[in-house]
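Here is the structure we will look at.
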Amino acid sequence: MASTTHRILSLVLLSLTFFLLLQPRPSDSNPLKICHFDQIYQLGDSISDTGNLIRETPIGAMTAFAKLPYGETFFKNATGRCSNGMLMIDYFASAAGLPFLNPYKNNDANFKHGANFAVAGSTALPVEVLAEKNISTMVTGSSLSVQLDWMFTHFNAVCNTDRDCVEKLKNSLFMVGEIGGNDYNYALFQGKTIDEVESMVPDVVRAIKEAVKRVIGYGAVRVVVPGNFPIGCMPIYLTAFQTNNSAAYDKHHCLKHLNNFSIYHNDQLKQAIEELKREYPNAVIVYGDYYNAFEWLFRRAQYLGFDAESAQKACCGTGGDYNFSLARMCGAPGVPVCSNPSELISWDGVHLTQAAYKVMAGWLIHDILPKLHCSV
């Protein structure tokens, strides 16, 4: 009994210590400043899109992300971010002492400090490749290769020569992902078996690996390549794959087979990163561990100020055990929003709240910073 109490107290103290480390203080409110990044460039999907989807097509402009309650907490207006406020990339930019990244599709934006090419709903594989597998994409055709083409166009406009680009980008941080999650989301929700989706992993990882090669070719020196979340803990998956079989869940009530799939993808991605490190010894390529960052948050939710009873419920949503329904998602008429989003992890059943992203970003920066080998 005493040892159990001691373990609980240790856990509380550890969580509180980390939580305090996340709070801004004059000495460490910009921990990435040590790297002297002049720009950040982001590729990815809805985890990091700061407004491209809602600008690229009329369909994107009609999505829920283009209107409140998205953006209600921090921006007081919808910006195209798939949350109630800031995303992890916003916290990364702040930690580097840089302004938030403008979306590439904002033609009036200033790109002096980088650009965000991520598009909500995008995939690692081109839409044509997914179509050959009988997988249809939902809202955008701007896959990873399209975003890389945008990036190439952007650099051609701001650089005079290849050498000029290398010089301009040597103090930049490149975020290649998270990407690939939607390839699997679309496949699973269109009836593919877990074995069929697992067979996609080598192609998805290969696409991410090629993207890293391309950004290094453009002049990238420091590249972060995030992995996937433990999707078996997300309300959308907990709802879609709900079962009475208790053996399907782990002790945290996450679906084991889906989390195992995320681990499989992440292991393949980490292996690819090791291969890239050998191929490009002069580049710093770091794995962004979204899986363990989320697990750290999820398992210590109550000590970090979150409502433990609602850890797997969407703030903006309705219906079922997880406050989520595919038929009536956040932003649809009459779908309620919780009064305490800062105490919930999930914003809309698919994406996280600003509060959750803040904790994850803090964990990730703490994990990534020593590996970036930034000089003092």
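Each chain in the structure tokens gets a letter, A, B and so on, in the order shown; residues start at 1 in every chain, and ligands are counted from 1 in the order they appear.
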
Return as CSV the residues of segment 290-361 of chain A lying at most 9 Å from segment 237-261 of chain A, together with the closest atom-to-atom pair for each and the distance in Å to one decimal, counting only C-alpha atoms, with rows in chain order and ascending residue number.
residue,atom,partner,partner_atom,distance
A:Phe298,CA,A:His252,CA,8.8
A:Arg299,CA,A:His252,CA,7.7
A:Gln312,CA,A:Leu238,CA,8.5
A:Gly320,CA,A:Thr239,CA,7.5
A:Asp321,CA,A:Thr239,CA,7.6
A:Tyr322,CA,A:Thr239,CA,6.7
A:Asn323,CA,A:Thr239,CA,9.0
A:Phe324,CA,A:Thr239,CA,7.1
A:Ser325,CA,A:Thr239,CA,7.5
A:Leu326,CA,A:Ala240,CA,8.5
A:Gly349,CA,A:Tyr237,CA,8.6
A:Val350,CA,A:Tyr237,CA,8.6

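For segment 160-217 of chain A, a DSSP pass over the backbone yields strand (DSSP E) at A:Ser172, A:Leu173, A:Phe174, A:Met175, A:Val176.
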
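Neighbouring residues of Ala356 of chain A at 8 Å or closer, counting only C-alpha atoms and skipping chain neighbours under 2 positions away, are Leu297, Ser342, Leu344, Ile345, Ser346, Leu352, Thr353, Gln354, Lys358, Val359 and Met360 of chain A.
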
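The smallest atom-to-atom distance between Thr140 of chain A and any of A:Ser83, A:Val166, A:Leu68, A:Arg55, using only C-alpha atoms, is found for A:Arg55.
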
key: For atom CA of Val221 of chain A and atom CA of Arg278 of chain A, the interatomic separation in Å (one decimal)   = 14.2 Å

Selection near Gly85 of chain A, 8 Å with only C-alpha atoms, sequence-local residues under 2 positions removed, as a PDB file with all heavy atoms, in the first residue's frame:
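What landed in result_37.pdb:
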ATOM      1  N   TYR A  70     -14.580  26.745 -34.662  1.00  0.00           N
ATOM      2  CA  TYR A  70     -13.136  26.601 -34.870  1.00  0.00           C
ATOM      3  C   TYR A  70     -12.467  27.968 -34.688  1.00  0.00           C
ATOM      4  O   TYR A  70     -12.930  28.973 -35.218  1.00  0.00           O
ATOM      5  CB  TYR A  70     -12.855  26.025 -36.261  1.00  0.00           C
ATOM      6  CG  TYR A  70     -13.161  24.547 -36.329  1.00  0.00           C
ATOM      7  CD1 TYR A  70     -14.438  24.088 -36.633  1.00  0.00           C
ATOM      8  CD2 TYR A  70     -12.177  23.605 -36.026  1.00  0.00           C
ATOM      9  CE1 TYR A  70     -14.735  22.733 -36.651  1.00  0.00           C
ATOM     10  CE2 TYR A  70     -12.458  22.248 -36.050  1.00  0.00           C
ATOM     11  CZ  TYR A  70     -13.738  21.813 -36.350  1.00  0.00           C
ATOM     12  OH  TYR A  70     -14.018  20.464 -36.359  1.00  0.00           O
ATOM     13  N   GLY A  71     -11.391  27.977 -33.901  1.00  0.00           N
ATOM     14  CA  GLY A  71     -10.659  29.210 -33.653  1.00  0.00           C
ATOM     15  C   GLY A  71     -11.207  30.076 -32.537  1.00  0.00           C
ATOM     16  O   GLY A  71     -10.663  31.150 -32.259  1.00  0.00           O
ATOM     17  N   GLU A  72     -12.255  29.616 -31.847  1.00  0.00           N
ATOM     18  CA  GLU A  72     -12.952  30.481 -30.893  1.00  0.00           C
ATOM     19  C   GLU A  72     -12.117  30.886 -29.689  1.00  0.00           C
ATOM     20  O   GLU A  72     -12.300  31.981 -29.145  1.00  0.00           O
ATOM     21  CB  GLU A  72     -14.237  29.798 -30.392  1.00  0.00           C
ATOM     22  CG  GLU A  72     -13.985  28.551 -29.543  1.00  0.00           C
ATOM     23  CD  GLU A  72     -15.243  28.032 -28.845  1.00  0.00           C
ATOM     24  OE1 GLU A  72     -16.347  28.329 -29.331  1.00  0.00           O
ATOM     25  OE2 GLU A  72     -15.100  27.325 -27.826  1.00  0.00           O
ATOM     26  N   THR A  73     -11.185  30.044 -29.261  1.00  0.00           N
ATOM     27  CA  THR A  73     -10.500  30.292 -27.989  1.00  0.00           C
ATOM     28  C   THR A  73      -9.413  31.346 -28.089  1.00  0.00           C
ATOM     29  O   THR A  73      -9.375  32.278 -27.288  1.00  0.00           O
ATOM     30  CB  THR A  73      -9.897  28.978 -27.450  1.00  0.00           C
ATOM     31  OG1 THR A  73     -10.956  28.052 -27.211  1.00  0.00           O
ATOM     32  CG2 THR A  73      -9.134  29.210 -26.152  1.00  0.00           C
ATOM     33  N   PHE A  74      -8.530  31.217 -29.051  1.00  0.00           N
ATOM     34  CA  PHE A  74      -7.387  32.136 -29.128  1.00  0.00           C
ATOM     35  C   PHE A  74      -7.612  33.248 -30.142  1.00  0.00           C
ATOM     36  O   PHE A  74      -7.418  34.423 -29.855  1.00  0.00           O
ATOM     37  CB  PHE A  74      -6.107  31.371 -29.492  1.00  0.00           C
ATOM     38  CG  PHE A  74      -4.874  32.232 -29.528  1.00  0.00           C
ATOM     39  CD1 PHE A  74      -4.181  32.528 -28.368  1.00  0.00           C
ATOM     40  CD2 PHE A  74      -4.408  32.769 -30.731  1.00  0.00           C
ATOM     41  CE1 PHE A  74      -3.056  33.338 -28.390  1.00  0.00           C
ATOM     42  CE2 PHE A  74      -3.283  33.578 -30.776  1.00  0.00           C
ATOM     43  CZ  PHE A  74      -2.603  33.860 -29.601  1.00  0.00           C
ATOM     44  N   PHE A  75      -8.036  32.874 -31.337  1.00  0.00           N
ATOM     45  CA  PHE A  75      -8.144  33.855 -32.420  1.00  0.00           C
ATOM     46  C   PHE A  75      -9.494  34.568 -32.435  1.00  0.00           C
ATOM     47  O   PHE A  75      -9.648  35.584 -33.106  1.00  0.00           O
ATOM     48  CB  PHE A  75      -7.901  33.163 -33.766  1.00  0.00           C
ATOM     49  CG  PHE A  75      -6.558  32.497 -33.856  1.00  0.00           C
ATOM     50  CD1 PHE A  75      -6.410  31.141 -33.598  1.00  0.00           C
ATOM     51  CD2 PHE A  75      -5.423  33.230 -34.180  1.00  0.00           C
ATOM     52  CE1 PHE A  75      -5.170  30.519 -33.668  1.00  0.00           C
ATOM     53  CE2 PHE A  75      -4.181  32.624 -34.256  1.00  0.00           C
ATOM     54  CZ  PHE A  75      -4.050  31.273 -33.995  1.00  0.00           C
ATOM     55  N   ARG A  81      -7.466  26.724 -38.924  1.00  0.00           N
ATOM     56  CA  ARG A  81      -6.855  25.746 -38.031  1.00  0.00           C
ATOM     57  C   ARG A  81      -7.937  24.788 -37.543  1.00  0.00           C
ATOM     58  O   ARG A  81      -9.031  25.223 -37.183  1.00  0.00           O
ATOM     59  CB  ARG A  81      -6.203  26.436 -36.837  1.00  0.00           C
ATOM     60  CG  ARG A  81      -4.924  27.196 -37.172  1.00  0.00           C
ATOM     61  CD  ARG A  81      -4.496  28.076 -36.000  1.00  0.00           C
ATOM     62  NE  ARG A  81      -3.197  28.694 -36.199  1.00  0.00           N
ATOM     63  CZ  ARG A  81      -2.970  29.777 -36.933  1.00  0.00           C
ATOM     64  NH1 ARG A  81      -3.992  30.360 -37.558  1.00  0.00           N
ATOM     65  NH2 ARG A  81      -1.749  30.290 -37.046  1.00  0.00           N
ATOM     66  N   SER A  83      -8.834  23.329 -34.857  1.00  0.00           N
ATOM     67  CA  SER A  83      -8.851  23.285 -33.393  1.00  0.00           C
ATOM     68  C   SER A  83      -9.610  24.513 -32.911  1.00  0.00           C
ATOM     69  O   SER A  83     -10.055  25.331 -33.709  1.00  0.00           O
ATOM     70  CB  SER A  83      -7.423  23.277 -32.836  1.00  0.00           C
ATOM     71  OG  SER A  83      -7.417  23.214 -31.423  1.00  0.00           O
ATOM     72  N   LEU A  87      -2.181  25.617 -32.713  1.00  0.00           N
ATOM     73  CA  LEU A  87      -1.709  24.277 -33.039  1.00  0.00           C
ATOM     74  C   LEU A  87      -0.278  24.102 -32.536  1.00  0.00           C
ATOM     75  O   LEU A  87       0.370  25.070 -32.122  1.00  0.00           O
ATOM     76  CB  LEU A  87      -1.730  24.053 -34.556  1.00  0.00           C
ATOM     77  CG  LEU A  87      -3.045  24.335 -35.282  1.00  0.00           C
ATOM     78  CD1 LEU A  87      -2.863  24.084 -36.780  1.00  0.00           C
ATOM     79  CD2 LEU A  87      -4.176  23.487 -34.722  1.00  0.00           C
ATOM     80  N   THR A 353      -7.502  19.905 -28.650  1.00  0.00           N
ATOM     81  CA  THR A 353      -7.723  21.283 -28.217  1.00  0.00           C
ATOM     82  C   THR A 353      -6.393  22.029 -28.157  1.00  0.00           C
ATOM     83  O   THR A 353      -5.313  21.421 -28.121  1.00  0.00           O
ATOM     84  CB  THR A 353      -8.356  21.324 -26.814  1.00  0.00           C
ATOM     85  OG1 THR A 353      -7.471  20.655 -25.891  1.00  0.00           O
ATOM     86  CG2 THR A 353      -9.729  20.664 -26.787  1.00  0.00           C
ATOM     87  N   GLN A 354      -6.496  23.347 -28.114  1.00  0.00           N
ATOM     88  CA  GLN A 354      -5.301  24.166 -27.937  1.00  0.00           C
ATOM     89  C   GLN A 354      -4.541  23.744 -26.685  1.00  0.00           C
ATOM     90  O   GLN A 354      -3.304  23.661 -26.697  1.00  0.00           O
ATOM     91  CB  GLN A 354      -5.699  25.639 -27.840  1.00  0.00           C
ATOM     92  CG  GLN A 354      -4.556  26.566 -27.454  1.00  0.00           C
ATOM     93  CD  GLN A 354      -4.966  28.024 -27.404  1.00  0.00           C
ATOM     94  OE1 GLN A 354      -5.175  28.628 -28.433  1.00  0.00           O
ATOM     95  NE2 GLN A 354      -5.086  28.591 -26.198  1.00  0.00           N
TER      96      GLN A 354
END

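Shortest atom-to-atom contact with Cys165 of chain A among A:Ile47, A:Ala78, A:Ala207, A:Ile216: A:Ile216, counting only C-alpha atoms.
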
All helix (DSSP H, G or I) positions in segment 193-349 of chain A, as a PyMOL selection string = chain A and resi 194-198+201-218+231-233+235-240+246-248+256-279+290-299+301-304+308-310+341-343

key: Between atom CA of Glu274 of chain A and atom CA of Tyr287 of chain A, distance in Å (one decimal)   = 9.5 Å

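Proximity ranking of A:Leu101, A:Ala314, A:Ala361, A:Ala272 relative to Asn292 of chain A places A:Ala361 first, based on only C-alpha atoms.
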
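Using only C-alpha atoms for every distance, the candidate list A:Glu343, A:Glu198, A:Asp45, A:Asp183 yields A:Glu198 as the residue closest to His265 of chain A.
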